$ cat model_36.cif   # mmCIF, C-alpha atoms, pLDDT in the B column; chains and numbers go by the auth columns
data_input
#
loop_
_atom_site.group_PDB
_atom_site.id
_atom_site.type_symbol
_atom_site.label_atom_id
_atom_site.label_comp_id
_atom_site.label_asym_id
_atom_site.label_seq_id
_atom_site.Cartn_x
_atom_site.Cartn_y
_atom_site.Cartn_z
_atom_site.B_iso_or_equiv
_atom_site.auth_seq_id
_atom_site.auth_asym_id
ATOM 1 C CA MET A 1 0.000 0.000 0.000 44.00 106 A
ATOM 2 C CA LYS A 2 2.814 2.379 0.887 41.00 107 A
ATOM 3 C CA ALA A 3 4.592 1.570 -2.360 44.00 108 A
ATOM 4 C CA PHE A 4 1.415 2.252 -4.344 38.00 109 A
ATOM 5 C CA LEU A 5 0.897 5.542 -2.476 38.00 110 A
ATOM 6 C CA ALA A 6 4.491 6.594 -3.156 42.00 111 A
ATOM 7 C CA VAL A 7 4.104 5.867 -6.875 40.00 112 A
ATOM 8 C CA ALA A 8 0.802 7.757 -6.980 41.00 113 A
ATOM 9 C CA VAL A 9 2.300 10.796 -5.237 39.00 114 A
ATOM 10 C CA SER A 10 5.355 10.702 -7.524 43.00 115 A
ATOM 11 C CA THR A 11 3.135 10.542 -10.607 41.00 116 A
ATOM 12 C CA LEU A 12 1.083 13.460 -9.334 39.00 117 A
ATOM 13 C CA VAL A 13 4.196 15.568 -8.701 38.00 118 A
ATOM 14 C CA VAL A 14 5.532 14.825 -12.185 37.00 119 A
ATOM 15 C CA GLY A 15 2.152 15.685 -13.708 41.00 120 A
ATOM 16 C CA VAL A 16 1.930 18.977 -11.817 35.00 121 A
ATOM 17 C CA SER A 17 5.534 19.861 -12.764 36.00 122 A
ATOM 18 C CA ALA A 18 4.836 19.166 -16.426 38.00 123 A
ATOM 19 C CA ALA A 19 1.701 21.291 -16.322 37.00 124 A
ATOM 20 C CA LEU A 20 3.580 24.175 -14.717 38.00 125 A
ATOM 21 C CA ALA A 21 6.379 23.878 -17.292 45.00 126 A
ATOM 22 C CA ALA A 22 3.800 24.096 -20.077 66.00 127 A
ATOM 23 C CA THR A 23 2.103 27.179 -18.651 88.00 128 A
ATOM 24 C CA PRO A 24 2.420 29.932 -21.263 91.00 129 A
ATOM 25 C CA PRO A 25 3.800 33.326 -20.171 95.00 130 A
ATOM 26 C CA GLU A 26 1.602 36.402 -19.942 95.00 131 A
ATOM 27 C CA THR A 27 1.385 38.297 -23.225 97.00 132 A
ATOM 28 C CA GLN A 28 -0.519 41.343 -24.490 95.00 133 A
ATOM 29 C CA SER A 29 -2.942 39.078 -26.319 96.00 134 A
ATOM 30 C CA PRO A 30 -3.524 36.063 -24.035 95.00 135 A
ATOM 31 C CA GLY A 31 -2.263 32.872 -25.607 96.00 136 A
ATOM 32 C CA ARG A 32 -0.490 34.571 -28.523 98.00 137 A
ATOM 33 C CA LEU A 33 2.875 36.253 -29.041 98.00 138 A
ATOM 34 C CA THR A 34 2.557 39.704 -30.630 98.00 139 A
ATOM 35 C CA VAL A 35 5.682 40.445 -32.650 98.00 140 A
ATOM 36 C CA GLY A 36 6.829 43.807 -33.977 98.00 141 A
ATOM 37 C CA VAL A 37 8.352 43.523 -37.460 98.00 142 A
ATOM 38 C CA SER A 38 9.564 45.855 -40.214 97.00 143 A
ATOM 39 C CA LEU A 39 8.815 44.309 -43.607 97.00 144 A
ATOM 40 C CA PRO A 40 10.337 43.819 -46.080 96.00 145 A
ATOM 41 C CA SER A 41 13.843 42.417 -45.795 95.00 146 A
ATOM 42 C CA GLU A 42 14.643 39.664 -48.268 94.00 147 A
ATOM 43 C CA GLY A 43 15.069 36.250 -46.686 96.00 148 A
ATOM 44 C CA PHE A 44 14.108 37.500 -43.232 98.00 149 A
ATOM 45 C CA GLN A 45 10.598 38.930 -43.479 98.00 150 A
ATOM 46 C CA VAL A 46 8.548 39.716 -46.568 97.00 151 A
ATOM 47 C CA GLY A 47 4.821 39.778 -47.187 97.00 152 A
ATOM 48 C CA VAL A 48 1.742 41.949 -47.479 97.00 153 A
ATOM 49 C CA VAL A 49 1.061 44.850 -45.122 96.00 154 A
ATOM 50 C CA LYS A 50 -1.908 47.181 -44.721 96.00 155 A
ATOM 51 C CA GLY A 51 -1.016 50.010 -42.372 94.00 156 A
ATOM 52 C CA SER A 52 0.302 48.296 -39.253 95.00 157 A
ATOM 53 C CA GLU A 53 -1.569 45.076 -40.028 96.00 158 A
ATOM 54 C CA VAL A 54 0.469 42.241 -41.505 97.00 159 A
ATOM 55 C CA LEU A 55 -1.842 40.307 -43.819 97.00 160 A
ATOM 56 C CA TYR A 56 0.737 37.728 -44.860 97.00 161 A
ATOM 57 C CA ALA A 57 4.389 37.176 -44.009 98.00 162 A
ATOM 58 C CA GLN A 58 7.151 34.659 -44.518 98.00 163 A
ATOM 59 C CA GLY A 59 10.878 34.437 -43.940 98.00 164 A
ATOM 60 C CA LEU A 60 13.490 33.343 -41.431 98.00 165 A
ATOM 61 C CA GLU A 61 12.363 35.715 -38.678 98.00 166 A
ATOM 62 C CA ILE A 62 8.682 34.987 -39.278 98.00 167 A
ATOM 63 C CA ASP A 63 9.364 31.273 -38.825 98.00 168 A
ATOM 64 C CA LEU A 64 11.534 32.072 -35.804 98.00 169 A
ATOM 65 C CA ALA A 65 8.705 34.011 -34.151 98.00 170 A
ATOM 66 C CA ARG A 66 6.281 31.134 -34.702 98.00 171 A
ATOM 67 C CA ALA A 67 8.786 28.621 -33.352 98.00 172 A
ATOM 68 C CA LEU A 68 9.343 30.794 -30.270 98.00 173 A
ATOM 69 C CA ALA A 69 5.614 30.979 -29.645 98.00 174 A
ATOM 70 C CA ALA A 70 5.312 27.206 -29.881 97.00 175 A
ATOM 71 C CA ARG A 71 8.257 26.685 -27.519 97.00 176 A
ATOM 72 C CA MET A 72 6.598 28.976 -24.982 97.00 177 A
ATOM 73 C CA SER A 73 3.337 26.979 -25.211 97.00 178 A
ATOM 74 C CA LEU A 74 1.530 29.847 -26.946 98.00 179 A
ATOM 75 C CA GLN A 75 -1.062 29.301 -29.654 96.00 180 A
ATOM 76 C CA GLY A 76 0.777 31.269 -32.312 97.00 181 A
ATOM 77 C CA ALA A 77 2.262 34.614 -33.347 98.00 182 A
ATOM 78 C CA THR A 78 0.584 37.821 -34.519 98.00 183 A
ATOM 79 C CA PHE A 79 2.697 40.329 -36.452 98.00 184 A
ATOM 80 C CA VAL A 80 2.550 44.137 -36.266 98.00 185 A
ATOM 81 C CA GLN A 81 4.301 46.289 -38.879 98.00 186 A
ATOM 82 C CA SER A 82 6.448 49.187 -37.668 96.00 187 A
ATOM 83 C CA ARG A 83 9.104 51.597 -38.811 94.00 188 A
ATOM 84 C CA PHE A 84 12.447 49.962 -38.070 96.00 189 A
ATOM 85 C CA ASP A 85 13.806 52.447 -35.530 94.00 190 A
ATOM 86 C CA ARG A 86 10.603 52.357 -33.484 95.00 191 A
ATOM 87 C CA LEU A 87 11.214 48.706 -32.696 97.00 192 A
ATOM 88 C CA PHE A 88 14.067 49.570 -30.348 96.00 193 A
ATOM 89 C CA SER A 89 13.137 53.091 -29.225 94.00 194 A
ATOM 90 C CA ALA A 90 11.807 53.971 -25.776 91.00 195 A
ATOM 91 C CA GLY A 91 8.090 54.073 -24.976 90.00 196 A
ATOM 92 C CA GLN A 92 5.037 51.833 -24.876 92.00 197 A
ATOM 93 C CA LYS A 93 4.891 49.146 -27.543 94.00 198 A
ATOM 94 C CA PRO A 94 1.890 47.401 -29.152 95.00 199 A
ATOM 95 C CA TRP A 95 3.866 44.130 -29.208 97.00 200 A
ATOM 96 C CA ASP A 96 5.512 41.685 -26.813 98.00 201 A
ATOM 97 C CA VAL A 97 8.801 41.356 -28.692 98.00 202 A
ATOM 98 C CA ALA A 98 10.386 42.791 -31.834 98.00 203 A
ATOM 99 C CA ILE A 99 12.284 40.709 -34.391 98.00 204 A
ATOM 100 C CA ALA A 100 13.715 42.509 -37.435 98.00 205 A
ATOM 101 C CA GLU A 101 17.464 42.008 -37.884 97.00 206 A
ATOM 102 C CA ILE A 102 17.992 44.250 -34.853 98.00 207 A
ATOM 103 C CA THR A 103 21.679 44.437 -34.003 98.00 208 A
ATOM 104 C CA ILE A 104 22.406 44.491 -30.278 98.00 209 A
ATOM 105 C CA THR A 105 24.198 47.743 -29.393 97.00 210 A
ATOM 106 C CA PRO A 106 24.894 49.559 -26.105 96.00 211 A
ATOM 107 C CA GLU A 107 22.869 52.557 -27.304 96.00 212 A
ATOM 108 C CA ARG A 108 19.803 50.434 -28.052 97.00 213 A
ATOM 109 C CA ARG A 109 20.131 48.665 -24.697 97.00 214 A
ATOM 110 C CA ARG A 110 19.264 51.973 -23.063 96.00 215 A
ATOM 111 C CA SER A 111 15.740 51.746 -24.497 97.00 216 A
ATOM 112 C CA VAL A 112 15.003 48.004 -24.716 97.00 217 A
ATOM 113 C CA SER A 113 16.297 44.708 -23.389 97.00 218 A
ATOM 114 C CA PHE A 114 17.736 42.094 -25.734 98.00 219 A
ATOM 115 C CA SER A 115 17.609 38.336 -25.841 98.00 220 A
ATOM 116 C CA ARG A 116 20.712 36.308 -26.478 98.00 221 A
ATOM 117 C CA SER A 117 21.946 36.514 -30.070 98.00 222 A
ATOM 118 C CA TYR A 118 20.342 34.308 -32.707 98.00 223 A
ATOM 119 C CA MET A 119 22.593 35.214 -35.657 96.00 224 A
ATOM 120 C CA SER A 120 25.991 36.808 -36.339 95.00 225 A
ATOM 121 C CA VAL A 121 26.251 38.981 -39.465 95.00 226 A
ATOM 122 C CA ASP A 122 28.305 41.606 -41.273 96.00 227 A
ATOM 123 C CA GLN A 123 27.380 44.584 -43.435 97.00 228 A
ATOM 124 C CA GLY A 124 27.202 44.192 -47.205 97.00 229 A
ATOM 125 C CA VAL A 125 27.631 46.568 -50.138 98.00 230 A
ATOM 126 C CA LEU A 126 25.427 46.097 -53.210 97.00 231 A
ATOM 127 C CA THR A 127 26.021 48.317 -56.244 97.00 232 A
ATOM 128 C CA ALA A 128 23.788 49.790 -58.928 97.00 233 A
ATOM 129 C CA GLN A 129 23.712 48.523 -62.506 94.00 234 A
ATOM 130 C CA THR A 130 24.806 51.970 -63.655 92.00 235 A
ATOM 131 C CA LEU A 131 28.108 51.787 -61.762 93.00 236 A
ATOM 132 C CA ARG A 132 30.879 51.231 -64.317 89.00 237 A
ATOM 133 C CA SER A 133 33.722 50.277 -61.989 92.00 238 A
ATOM 134 C CA VAL A 134 33.009 48.307 -58.816 94.00 239 A
ATOM 135 C CA PRO A 135 35.412 49.126 -55.949 94.00 240 A
ATOM 136 C CA LYS A 136 37.272 46.260 -54.323 94.00 241 A
ATOM 137 C CA THR A 137 38.349 48.134 -51.193 97.00 242 A
ATOM 138 C CA ILE A 138 36.755 50.350 -48.537 97.00 243 A
ATOM 139 C CA ALA A 139 38.860 53.257 -49.820 97.00 244 A
ATOM 140 C CA GLY A 140 37.404 52.733 -53.276 97.00 245 A
ATOM 141 C CA LEU A 141 33.868 53.096 -51.884 98.00 246 A
ATOM 142 C CA ARG A 142 34.594 56.641 -50.703 98.00 247 A
ATOM 143 C CA ARG A 143 34.061 58.148 -54.157 97.00 248 A
ATOM 144 C CA LEU A 144 30.550 56.712 -54.457 97.00 249 A
ATOM 145 C CA GLN A 145 27.131 58.074 -53.540 98.00 250 A
ATOM 146 C CA LEU A 146 26.247 55.676 -50.743 98.00 251 A
ATOM 147 C CA CYS A 147 22.789 55.093 -49.298 98.00 252 A
ATOM 148 C CA ALA A 148 21.740 53.364 -46.089 98.00 253 A
ATOM 149 C CA LEU A 149 18.693 52.766 -43.934 97.00 254 A
ATOM 150 C CA THR A 150 18.074 55.518 -41.375 96.00 255 A
ATOM 151 C CA LYS A 151 19.263 54.686 -37.824 94.00 256 A
ATOM 152 C CA SER A 152 20.686 51.347 -38.905 96.00 257 A
ATOM 153 C CA THR A 153 24.114 49.887 -38.252 96.00 258 A
ATOM 154 C CA GLY A 154 24.607 50.069 -42.019 97.00 259 A
ATOM 155 C CA ALA A 155 24.291 53.851 -41.760 98.00 260 A
ATOM 156 C CA VAL A 156 26.941 53.911 -39.029 97.00 261 A
ATOM 157 C CA VAL A 157 29.312 51.794 -41.131 98.00 262 A
ATOM 158 C CA ALA A 158 28.705 53.964 -44.205 98.00 263 A
ATOM 159 C CA GLU A 159 29.273 57.239 -42.357 98.00 264 A
ATOM 160 C CA GLN A 160 32.087 56.247 -39.994 97.00 265 A
ATOM 161 C CA THR A 161 33.930 53.235 -41.420 97.00 266 A
ATOM 162 C CA ILE A 162 33.707 54.157 -45.102 98.00 267 A
ATOM 163 C CA ALA A 163 33.429 57.933 -44.561 98.00 268 A
ATOM 164 C CA PRO A 164 32.652 58.837 -48.210 98.00 269 A
ATOM 165 C CA ALA A 165 33.369 62.197 -49.794 97.00 270 A
ATOM 166 C CA LYS A 166 29.658 62.774 -50.430 97.00 271 A
ATOM 167 C CA PRO A 167 27.176 62.721 -47.525 98.00 272 A
ATOM 168 C CA VAL A 168 25.464 59.357 -47.127 98.00 273 A
ATOM 169 C CA ARG A 169 21.826 59.454 -48.242 98.00 274 A
ATOM 170 C CA LEU A 170 19.728 58.076 -45.393 98.00 275 A
ATOM 171 C CA ILE A 171 16.479 56.413 -46.484 97.00 276 A
ATOM 172 C CA GLY A 172 13.552 55.761 -44.154 93.00 277 A
ATOM 173 C CA ASN A 173 12.569 52.297 -45.371 94.00 278 A
ATOM 174 C CA VAL A 174 14.037 49.345 -47.260 94.00 279 A
ATOM 175 C CA PRO A 175 11.724 49.439 -50.336 94.00 280 A
ATOM 176 C CA THR A 176 12.700 53.053 -51.079 96.00 281 A
ATOM 177 C CA LEU A 177 16.339 52.271 -50.357 97.00 282 A
ATOM 178 C CA MET A 178 16.384 49.483 -52.937 96.00 283 A
ATOM 179 C CA LEU A 179 14.317 51.482 -55.438 96.00 284 A
ATOM 180 C CA ASP A 180 16.849 54.312 -55.227 97.00 285 A
ATOM 181 C CA LEU A 181 19.583 51.793 -55.975 97.00 286 A
ATOM 182 C CA GLN A 182 17.671 50.478 -58.998 94.00 287 A
ATOM 183 C CA THR A 183 17.035 53.955 -60.373 94.00 288 A
ATOM 184 C CA GLY A 184 20.611 55.147 -59.953 92.00 289 A
ATOM 185 C CA HIS A 185 20.037 57.599 -57.114 95.00 290 A
ATOM 186 C CA CYS A 186 22.568 55.549 -55.168 97.00 291 A
ATOM 187 C CA ASP A 187 25.800 54.072 -56.501 98.00 292 A
ATOM 188 C CA ALA A 188 25.680 51.480 -53.740 98.00 293 A
ATOM 189 C CA VAL A 189 23.758 50.638 -50.571 98.00 294 A
ATOM 190 C CA VAL A 190 25.194 49.501 -47.256 98.00 295 A
ATOM 191 C CA TYR A 191 22.878 47.073 -45.509 97.00 296 A
ATOM 192 C CA ASP A 192 22.896 43.687 -43.775 96.00 297 A
ATOM 193 C CA ALA A 193 24.928 41.258 -45.897 96.00 298 A
ATOM 194 C CA PRO A 194 22.577 38.225 -45.660 95.00 299 A
ATOM 195 C CA ALA A 195 19.585 40.243 -46.853 95.00 300 A
ATOM 196 C CA LEU A 196 21.496 41.951 -49.689 95.00 301 A
ATOM 197 C CA GLY A 197 23.106 38.707 -50.798 92.00 302 A
ATOM 198 C CA THR A 198 19.760 36.908 -50.822 93.00 303 A
ATOM 199 C CA LEU A 199 18.111 39.794 -52.687 92.00 304 A
ATOM 200 C CA LYS A 200 20.835 39.796 -55.351 92.00 305 A
ATOM 201 C CA ALA A 201 20.617 36.017 -55.727 90.00 306 A
ATOM 202 C CA ARG A 202 16.849 36.136 -56.245 90.00 307 A
ATOM 203 C CA ALA A 203 16.836 39.131 -58.607 89.00 308 A
ATOM 204 C CA PRO A 204 20.281 39.079 -60.274 90.00 309 A
ATOM 205 C CA LEU A 205 19.373 41.423 -63.144 91.00 310 A
ATOM 206 C CA ARG A 206 17.834 44.118 -60.981 93.00 311 A
ATOM 207 C CA TYR A 207 21.060 45.283 -59.348 95.00 312 A
ATOM 208 C CA GLY A 208 24.764 45.546 -60.075 95.00 313 A
ATOM 209 C CA PRO A 209 27.482 43.354 -58.581 94.00 314 A
ATOM 210 C CA PHE A 210 27.671 42.576 -54.882 93.00 315 A
ATOM 211 C CA ALA A 211 30.842 44.489 -54.012 95.00 316 A
ATOM 212 C CA GLY A 212 31.491 42.545 -50.808 95.00 317 A
ATOM 213 C CA VAL A 213 31.102 42.539 -47.048 96.00 318 A
ATOM 214 C CA ILE A 214 32.536 44.779 -44.380 97.00 319 A
ATOM 215 C CA LYS A 215 33.311 42.695 -41.302 96.00 320 A
ATOM 216 C CA THR A 216 31.398 43.994 -38.282 96.00 321 A
ATOM 217 C CA GLY A 217 30.546 40.803 -36.365 95.00 322 A
ATOM 218 C CA GLU A 218 27.131 42.136 -35.405 96.00 323 A
ATOM 219 C CA GLN A 219 24.762 40.060 -33.303 98.00 324 A
ATOM 220 C CA TYR A 220 21.015 40.013 -33.964 98.00 325 A
ATOM 221 C CA GLY A 221 18.823 39.888 -30.874 98.00 326 A
ATOM 222 C CA ILE A 222 15.124 39.924 -30.045 98.00 327 A
ATOM 223 C CA ALA A 223 14.106 43.266 -28.542 98.00 328 A
ATOM 224 C CA VAL A 224 11.902 43.143 -25.453 97.00 329 A
ATOM 225 C CA PRO A 225 10.466 46.185 -23.621 96.00 330 A
ATOM 226 C CA ARG A 226 12.541 46.996 -20.546 94.00 331 A
ATOM 227 C CA GLY A 227 11.161 45.319 -17.452 92.00 332 A
ATOM 228 C CA SER A 228 9.149 42.759 -19.430 95.00 333 A
ATOM 229 C CA THR A 229 8.751 39.362 -17.765 96.00 334 A
ATOM 230 C CA LEU A 230 9.046 37.773 -21.214 97.00 335 A
ATOM 231 C CA LEU A 231 12.822 38.130 -21.431 97.00 336 A
ATOM 232 C CA ALA A 232 13.575 34.930 -19.475 97.00 337 A
ATOM 233 C CA PRO A 233 11.100 32.663 -21.330 97.00 338 A
ATOM 234 C CA VAL A 234 12.202 34.125 -24.692 98.00 339 A
ATOM 235 C CA ASN A 235 15.843 33.388 -23.872 98.00 340 A
ATOM 236 C CA LYS A 236 14.992 29.859 -22.755 97.00 341 A
ATOM 237 C CA ALA A 237 12.967 29.162 -25.908 98.00 342 A
ATOM 238 C CA LEU A 238 15.620 30.701 -28.161 98.00 343 A
ATOM 239 C CA ALA A 239 18.381 28.649 -26.534 98.00 344 A
ATOM 240 C CA ALA A 240 16.364 25.492 -27.210 98.00 345 A
ATOM 241 C CA LEU A 241 15.833 26.448 -30.868 98.00 346 A
ATOM 242 C CA ILE A 242 19.551 27.019 -31.309 98.00 347 A
ATOM 243 C CA ALA A 243 20.470 23.776 -29.524 98.00 348 A
ATOM 244 C CA ASP A 244 18.079 21.573 -31.512 97.00 349 A
ATOM 245 C CA GLY A 245 19.273 22.934 -34.872 97.00 350 A
ATOM 246 C CA THR A 246 16.138 24.920 -35.721 98.00 351 A
ATOM 247 C CA MET A 247 18.080 28.136 -36.338 97.00 352 A
ATOM 248 C CA ASP A 248 20.526 26.379 -38.638 96.00 353 A
ATOM 249 C CA ARG A 249 17.648 24.885 -40.610 97.00 354 A
ATOM 250 C CA LEU A 250 15.958 28.279 -40.948 97.00 355 A
ATOM 251 C CA GLN A 251 19.159 29.861 -42.243 95.00 356 A
ATOM 252 C CA ARG A 252 19.592 27.123 -44.836 94.00 357 A
ATOM 253 C CA LYS A 253 15.963 27.491 -45.883 96.00 358 A
ATOM 254 C CA TRP A 254 15.760 31.260 -46.248 96.00 359 A
ATOM 255 C CA ILE A 255 19.261 32.692 -46.773 94.00 360 A
ATOM 256 C CA THR A 256 20.049 31.719 -50.352 86.00 361 A
ATOM 257 C CA VAL A 257 23.597 33.051 -50.453 84.00 362 A
ATOM 258 C CA HIS A 258 26.734 31.460 -49.017 83.00 363 A
ATOM 259 C CA LEU A 259 28.021 34.314 -46.872 79.00 364 A
ATOM 260 C CA GLU A 260 31.440 32.726 -46.497 82.00 365 A
ATOM 261 C CA ASP A 261 31.916 32.984 -50.272 84.00 366 A
ATOM 262 C CA LEU A 262 31.354 36.741 -50.468 85.00 367 A
ATOM 263 C CA PRO A 263 34.446 38.938 -50.959 90.00 368 A
ATOM 264 C CA VAL A 264 35.622 40.937 -47.963 95.00 369 A
ATOM 265 C CA LEU A 265 36.275 44.666 -48.385 96.00 370 A
ATOM 266 C CA ARG A 266 39.231 46.029 -46.460 95.00 371 A
#

$ encode --input "model_36.cif" --output "structure tokens"
Amino acid sequence: MKAFLAVAVSTLVVGVSAALAATPPETQSPGRLTVGVSLPSEGFQVGVVKGSEVLYAQGLEIDLARALAARMSLQGATFVQSRFDRLFSAGQKPWDVAIAEITITPERRRSVSFSRSYMSVDQGVLTAQTLRSVPKTIAGLRRLQLCALTKSTGAVVAEQTIAPAKPVRLIGNVPTLMLDLQTGHCDAVVYDAPALGTLKARAPLRYGPFAGVIKTGEQYGIAVPRGSTLLAPVNKALAALIADGTMDRLQRKWITVHLEDLPVLR
């Protein structure tokens, strides 16, 4: 009888522990993870947007958000479109977390908290079709009209590392940035290498040569409002997705360029 009672109690404890482990964290929309995004960025997040409503989305970070939600025992992810810099600025947010190729920097840490890194990247330089001679060094880039996304690490690299003779044109969103490259308003754009490489691979005739990468060793992280109780469960879920190979599979699925093969600009 005692043995039976001990087994019954042990089974009950295990059952209660499992139930507690599966309890989803509190989110703005109960049972769902609301994710701030900034579409489009080739390979990472593309789709259809109406205002702040994301009607359809796909990409590495979209799949990552859904996998995170599942790991945290949530029913799914809802996406909210935003201007890129608002994802890591101070103030109230209409989302639980933000995922949009956000590089972890000390300055941004003053406004939001960051998860552990889920990807290491460098900056890339993609040129326009109208450019006759493609530079092979950072010094060679200084004669060009460079463009970059406003308040991005690409803008910092363009202005400080390259330091071109002409002021860098800062563009508020990625579609306009790439359109300006297509139409010759920019000789080259400085942006995240995986996205530019994937974009060039999928539309090879739309742009000029990929000049190369500038090594920055940036780390992408998931932005969480300061003080949010979600930081710990997000980190735990992300660590599990890295350990079980999910992140590697997502990179192979969505990033269609071999980053190690790209030339390095020095």

$ resolve_selection --input "model_36.cif" --expression "the PyMOL selection byres ((chain A and resi 292) around 9)" --output "JSON, numbers by chain"
{"A": [231, 232, 233, 234, 235, 236, 249, 250, 251, 252, 286, 289, 290, 291, 293, 294]}

$ resolve_selection --input "model_36.cif" --expression "the PyMOL selection byres ((chain A and resi 257-259) around 12)" --output "count of residues only"
57

$ residues_around --input "model_36.cif" --residues "region 215-225 of chain A" --least-positions-apart "5" --cutoff "10 Å" --atoms "all atoms listed in the file" --output "NGL selection string"
:A and (169 or 192-196 or 202-203 or 206-210 or 321-333 or 335-341 or 343-344 or 346-347 or 352-353 or 356)

$ atom_distance --input "model_36.cif" --atom1 "CA of Ala348 (chain A)" --atom2 "CA of Leu367 (chain A)"
26.9 Å

$ atom_distance --input "model_36.cif" --atom1 "CA of Gln133 (chain A)" --atom2 "CA of Asp201 (chain A)"
6.5 Å

$ atom_distance --input "model_36.cif" --atom1 "CA of Gly245 (chain A)" --atom2 "CA of Met283 (chain A)"
21.3 Å

$ closest_residue --input "model_36.cif" --among "A:Ala172, A:Met177, A:Val185, A:Leu165" --to "Val140 (chain A)" --atoms "only C-alpha atoms"
A:Val185

$ closest_residue --input "model_36.cif" --among "A:Val142, A:Val151, A:Leu355, A:Ile204" --to "Phe184 (chain A)" --atoms "all atoms listed in the file"
A:Val142

$ residues_around --input "model_36.cif" --residues "Val159 (chain A)" --least-positions-apart "4" --cutoff "10 Å" --atoms "all atoms listed in the file" --output "CSV table (one decimal) with C-alpha atoms, in the frame of the given file"
chain,number,residue,atom,x,y,z
A,141,GLY,CA,6.8,43.8,-34.0
A,142,VAL,CA,8.4,43.5,-37.5
A,143,SER,CA,9.6,45.9,-40.2
A,144,LEU,CA,8.8,44.3,-43.6
A,151,VAL,CA,8.5,39.7,-46.6
A,152,GLY,CA,4.8,39.8,-47.2
A,153,VAL,CA,1.7,41.9,-47.5
A,154,VAL,CA,1.1,44.8,-45.1
A,155,LYS,CA,-1.9,47.2,-44.7
A,183,THR,CA,0.6,37.8,-34.5
A,184,PHE,CA,2.7,40.3,-36.5
A,185,VAL,CA,2.6,44.1,-36.3
A,186,GLN,CA,4.3,46.3,-38.9
A,187,SER,CA,6.4,49.2,-37.7

$ decode --input "model_36.cif" --residues "region 150-177 of chain A" --atoms "C-alpha atoms" --output "PDB file, in the first residue's frame"
ATOM      1  CA  GLN A 150      10.598  38.930 -43.479  1.00  0.00           C
ATOM      2  CA  VAL A 151       8.548  39.716 -46.568  1.00  0.00           C
ATOM      3  CA  GLY A 152       4.821  39.778 -47.187  1.00  0.00           C
ATOM      4  CA  VAL A 153       1.742  41.949 -47.479  1.00  0.00           C
ATOM      5  CA  VAL A 154       1.061  44.850 -45.122  1.00  0.00           C
ATOM      6  CA  LYS A 155      -1.908  47.181 -44.721  1.00  0.00           C
ATOM      7  CA  GLY A 156      -1.016  50.010 -42.372  1.00  0.00           C
ATOM      8  CA  SER A 157       0.302  48.296 -39.253  1.00  0.00           C
ATOM      9  CA  GLU A 158      -1.569  45.076 -40.028  1.00  0.00           C
ATOM     10  CA  VAL A 159       0.469  42.241 -41.505  1.00  0.00           C
ATOM     11  CA  LEU A 160      -1.842  40.307 -43.819  1.00  0.00           C
ATOM     12  CA  TYR A 161       0.737  37.728 -44.860  1.00  0.00           C
ATOM     13  CA  ALA A 162       4.389  37.176 -44.009  1.00  0.00           C
ATOM     14  CA  GLN A 163       7.151  34.659 -44.518  1.00  0.00           C
ATOM     15  CA  GLY A 164      10.878  34.437 -43.940  1.00  0.00           C
ATOM     16  CA  LEU A 165      13.490  33.343 -41.431  1.00  0.00           C
ATOM     17  CA  GLU A 166      12.363  35.715 -38.678  1.00  0.00           C
ATOM     18  CA  ILE A 167       8.682  34.987 -39.278  1.00  0.00           C
ATOM     19  CA  ASP A 168       9.364  31.273 -38.825  1.00  0.00           C
ATOM     20  CA  LEU A 169      11.534  32.072 -35.804  1.00  0.00           C
ATOM     21  CA  ALA A 170       8.705  34.011 -34.151  1.00  0.00           C
ATOM     22  CA  ARG A 171       6.281  31.134 -34.702  1.00  0.00           C
ATOM     23  CA  ALA A 172       8.786  28.621 -33.352  1.00  0.00           C
ATOM     24  CA  LEU A 173       9.343  30.794 -30.270  1.00  0.00           C
ATOM     25  CA  ALA A 174       5.614  30.979 -29.645  1.00  0.00           C
ATOM     26  CA  ALA A 175       5.312  27.206 -29.881  1.00  0.00           C
ATOM     27  CA  ARG A 176       8.257  26.685 -27.519  1.00  0.00           C
ATOM     28  CA  MET A 177       6.598  28.976 -24.982  1.00  0.00           C
TER      29      MET A 177
END
